[in-house]
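One file, coords.cif, is given below (mmCIF, C-alpha atoms; chains and numbers go by the auth columns).
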```
data_entry
#
loop_
_atom_site.group_PDB
_atom_site.id
_atom_site.type_symbol
_atom_site.label_atom_id
_atom_site.label_comp_id
_atom_site.label_asym_id
_atom_site.label_seq_id
_atom_site.Cartn_x
_atom_site.Cartn_y
_atom_site.Cartn_z
_atom_site.B_iso_or_equiv
_atom_site.auth_seq_id
_atom_site.auth_asym_id
ATOM 1 C CA MET A 1 30.145 -50.483 -22.802 0.00 109 A
ATOM 2 C CA PHE A 2 26.481 -50.882 -21.914 0.00 110 A
ATOM 3 C CA ILE A 3 25.524 -54.383 -20.731 0.00 111 A
ATOM 4 C CA SER A 4 21.994 -54.090 -19.372 0.00 112 A
ATOM 5 C CA PHE A 5 19.306 -51.898 -17.876 0.00 113 A
ATOM 6 C CA LEU A 6 18.888 -53.190 -14.314 0.00 114 A
ATOM 7 C CA GLU A 7 16.196 -51.133 -12.642 0.00 115 A
ATOM 8 C CA LEU A 8 13.717 -48.328 -13.152 0.00 116 A
ATOM 9 C CA SER A 9 11.583 -46.566 -10.591 0.00 117 A
ATOM 10 C CA CYS A 10 9.557 -43.402 -11.000 0.00 118 A
ATOM 11 C CA THR A 11 6.763 -41.382 -9.513 0.00 119 A
ATOM 12 C CA PHE A 12 4.441 -39.127 -11.489 0.00 120 A
ATOM 13 C CA LEU A 13 4.107 -35.893 -9.523 0.00 121 A
ATOM 14 C CA ALA A 14 1.861 -33.750 -11.709 0.00 122 A
ATOM 15 C CA GLU A 15 -0.443 -34.032 -14.709 0.00 123 A
ATOM 16 C CA VAL A 16 0.903 -33.900 -18.260 0.00 124 A
ATOM 17 C CA HIS A 17 -1.411 -32.664 -21.009 0.00 125 A
ATOM 18 C CA SER A 18 -1.419 -32.847 -24.781 0.00 126 A
ATOM 19 C CA GLY A 19 0.620 -29.925 -26.084 0.00 127 A
ATOM 20 C CA ASP A 20 2.917 -29.736 -23.034 0.00 128 A
ATOM 21 C CA THR A 21 6.642 -29.485 -23.709 0.00 129 A
ATOM 22 C CA LEU A 22 8.643 -31.901 -21.540 0.00 130 A
ATOM 23 C CA TYR A 23 12.296 -31.593 -20.544 0.00 131 A
ATOM 24 C CA PRO A 24 13.880 -34.887 -19.377 0.00 132 A
ATOM 25 C CA ALA A 25 17.227 -35.050 -17.563 0.00 133 A
ATOM 26 C CA LEU A 26 19.489 -37.774 -16.158 0.00 134 A
ATOM 27 C CA THR A 27 22.061 -36.966 -13.463 0.00 135 A
ATOM 28 C CA VAL A 28 24.669 -39.509 -12.353 0.00 136 A
ATOM 29 C CA THR A 29 24.220 -39.996 -8.602 0.00 137 A
ATOM 30 C CA GLY A 30 26.221 -43.145 -7.978 0.00 138 A
ATOM 31 C CA LEU A 31 28.981 -45.402 -9.291 0.00 139 A
ATOM 32 C CA GLU A 32 29.300 -48.905 -7.838 0.00 140 A
ATOM 33 C CA PRO A 33 32.328 -50.930 -9.066 0.00 141 A
ATOM 34 C CA GLN A 34 31.692 -54.696 -9.316 0.00 142 A
ATOM 35 C CA GLY A 35 34.791 -56.490 -10.584 0.00 143 A
ATOM 36 C CA ASP A 36 35.121 -55.986 -14.350 0.00 144 A
ATOM 37 C CA ASN A 37 31.726 -54.259 -14.416 0.00 145 A
ATOM 38 C CA GLY A 38 30.014 -51.462 -12.560 0.00 146 A
ATOM 39 C CA VAL A 39 26.583 -50.078 -11.836 0.00 147 A
ATOM 40 C CA VAL A 40 25.772 -46.479 -12.729 0.00 148 A
ATOM 41 C CA VAL A 41 22.859 -44.955 -10.821 0.00 149 A
ATOM 42 C CA THR A 42 21.100 -41.916 -12.296 0.00 150 A
ATOM 43 C CA ALA A 43 18.365 -39.625 -11.049 0.00 151 A
ATOM 44 C CA ALA A 44 15.695 -39.141 -13.721 0.00 152 A
ATOM 45 C CA THR A 45 13.572 -35.991 -13.793 0.00 153 A
ATOM 46 C CA VAL A 46 11.054 -34.504 -16.203 0.00 154 A
ATOM 47 C CA HIS A 47 9.899 -30.878 -16.010 0.00 155 A
ATOM 48 C CA ASN A 48 7.174 -29.249 -18.090 0.00 156 A
ATOM 49 C CA GLN A 49 7.334 -25.912 -19.907 0.00 157 A
ATOM 50 C CA ARG A 50 6.365 -24.068 -16.695 0.00 158 A
ATOM 51 C CA GLY A 51 9.279 -25.616 -14.774 0.00 159 A
ATOM 52 C CA VAL A 52 7.004 -27.931 -12.773 0.00 160 A
ATOM 53 C CA LEU A 53 8.569 -31.291 -11.866 0.00 161 A
ATOM 54 C CA VAL A 54 6.157 -33.872 -13.312 0.00 162 A
ATOM 55 C CA LEU A 55 8.220 -37.070 -12.873 0.00 163 A
ATOM 56 C CA SER A 56 11.017 -38.119 -10.547 0.00 164 A
ATOM 57 C CA GLY A 57 12.802 -41.458 -10.482 0.00 165 A
ATOM 58 C CA GLN A 58 15.964 -43.515 -10.656 0.00 166 A
ATOM 59 C CA HIS A 59 17.656 -45.754 -13.238 0.00 167 A
ATOM 60 C CA LYS A 60 20.378 -48.356 -12.760 0.00 168 A
ATOM 61 C CA HIS A 61 22.590 -49.514 -15.651 0.00 169 A
ATOM 62 C CA LEU A 62 25.204 -52.288 -15.696 0.00 170 A
ATOM 63 C CA LEU A 63 28.323 -51.260 -17.630 0.00 171 A
ATOM 64 C CA ARG A 64 31.590 -52.971 -18.486 0.00 172 A
ATOM 65 C CA ARG A 65 34.515 -51.087 -16.918 0.00 173 A
#
```
Whole structure given in C-alpha cells:
Amino acid sequence: MFISFLELSCTFLAEVHSGDTLYPALTVTGLEPQGDNGVVVTAATVHNQRGVLVLSGQHKHLLRR
C-alpha cells in the first residue's frame, strides 16, 4: 500500500521539442525495510523517439509492508 512520495531528483540531459515522442521508465533499484513499512527506490529515465536519454533521475516511495 502506497503511503507517500518521499523524494524526487532528476537531471535533464537533452532538449525535448514539441512533437517528440517520450518513453518514460521506472526500474526498481533498491528496497529498504523499515519496520512495518519500507522504502522503494526507483531509477527514472525518459528517452525520446531517437533513443536519446533526455532525463535521468531517482524516486523514493514509502510503502506499507
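Comparing the minimum interatomic distances between A:Gly138 and each of A:Gly159, A:Glu123, A:Cys118, A:His169, counting only C-alpha atoms, we find that A:His169 sits nearest.
If you apply the PyMOL selection byres ((chain A and resi 148) around 8) to this structure, you end up with Val136, Thr137, Gly138, Leu139, Glu140, Gly146, Val147, Val149, Thr150, Lys168, His169, Leu170 and Leu171 of chain A.
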Can I get the selected residues back with C-alpha atoms, as an mmCIF file, in the coordinates of the input?
```
data_model
loop_
_atom_site.group_PDB
_atom_site.id
_atom_site.type_symbol
_atom_site.label_atom_id
_atom_site.label_comp_id
_atom_site.auth_asym_id
_atom_site.auth_seq_id
_atom_site.Cartn_x
_atom_site.Cartn_y
_atom_site.Cartn_z
ATOM 1 C CA VAL A 136 24.669 -39.509 -12.353
ATOM 2 C CA THR A 137 24.220 -39.996 -8.602
ATOM 3 C CA GLY A 138 26.221 -43.145 -7.978
ATOM 4 C CA LEU A 139 28.981 -45.402 -9.291
ATOM 5 C CA GLU A 140 29.300 -48.905 -7.838
ATOM 6 C CA GLY A 146 30.014 -51.462 -12.560
ATOM 7 C CA VAL A 147 26.583 -50.078 -11.836
ATOM 8 C CA VAL A 149 22.859 -44.955 -10.821
ATOM 9 C CA THR A 150 21.100 -41.916 -12.296
ATOM 10 C CA LYS A 168 20.378 -48.356 -12.760
ATOM 11 C CA HIS A 169 22.590 -49.514 -15.651
ATOM 12 C CA LEU A 170 25.204 -52.288 -15.696
ATOM 13 C CA LEU A 171 28.323 -51.260 -17.630
#
```
* To do: May I have the residues within 9 Å of A:Val162 as a ChimeraX atom specification, using all atoms listed in the file and disregarding those fewer than 3 positions away in the same chain?
  => /A:119-124,130,153-156,159
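Taking only C-alpha atoms into account, A:Gln166 lies nearest to A:Ala151 out of the set A:Met109, A:Asp128, A:Ala151, A:Pro141.
Going from atom CA of A:Leu134 over to atom CA of A:His167, you cover 8.7 Å.
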How big is the axis-aligned box around all listed atoms of stretch 152-164 of chain A once 6 Å goes on each side, and where's its centre, in Å to one decimal, as AutoDock Vina command-line options?
```
--center_x 10.9 --center_y -31.6 --center_z -15.2 --size_x 21.5 --size_y 27.1 --size_z 21.4
```
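Coordinates place atom CA of A:Thr129 at a distance of 8.9 Å from atom CA of A:Arg158.
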* Structure fact -> One residue among A:Ser117, A:Ser112, A:Asn145, A:Ser126 is nearest to A:Gly165 when using only C-alpha atoms, and that residue is A:Ser117
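Each of A:Val160, A:Arg172, A:Asp144, A:Glu115 was checked against A:Pro132 using all atoms listed in the file; the smallest atom-to-atom distance is that of A:Val160.
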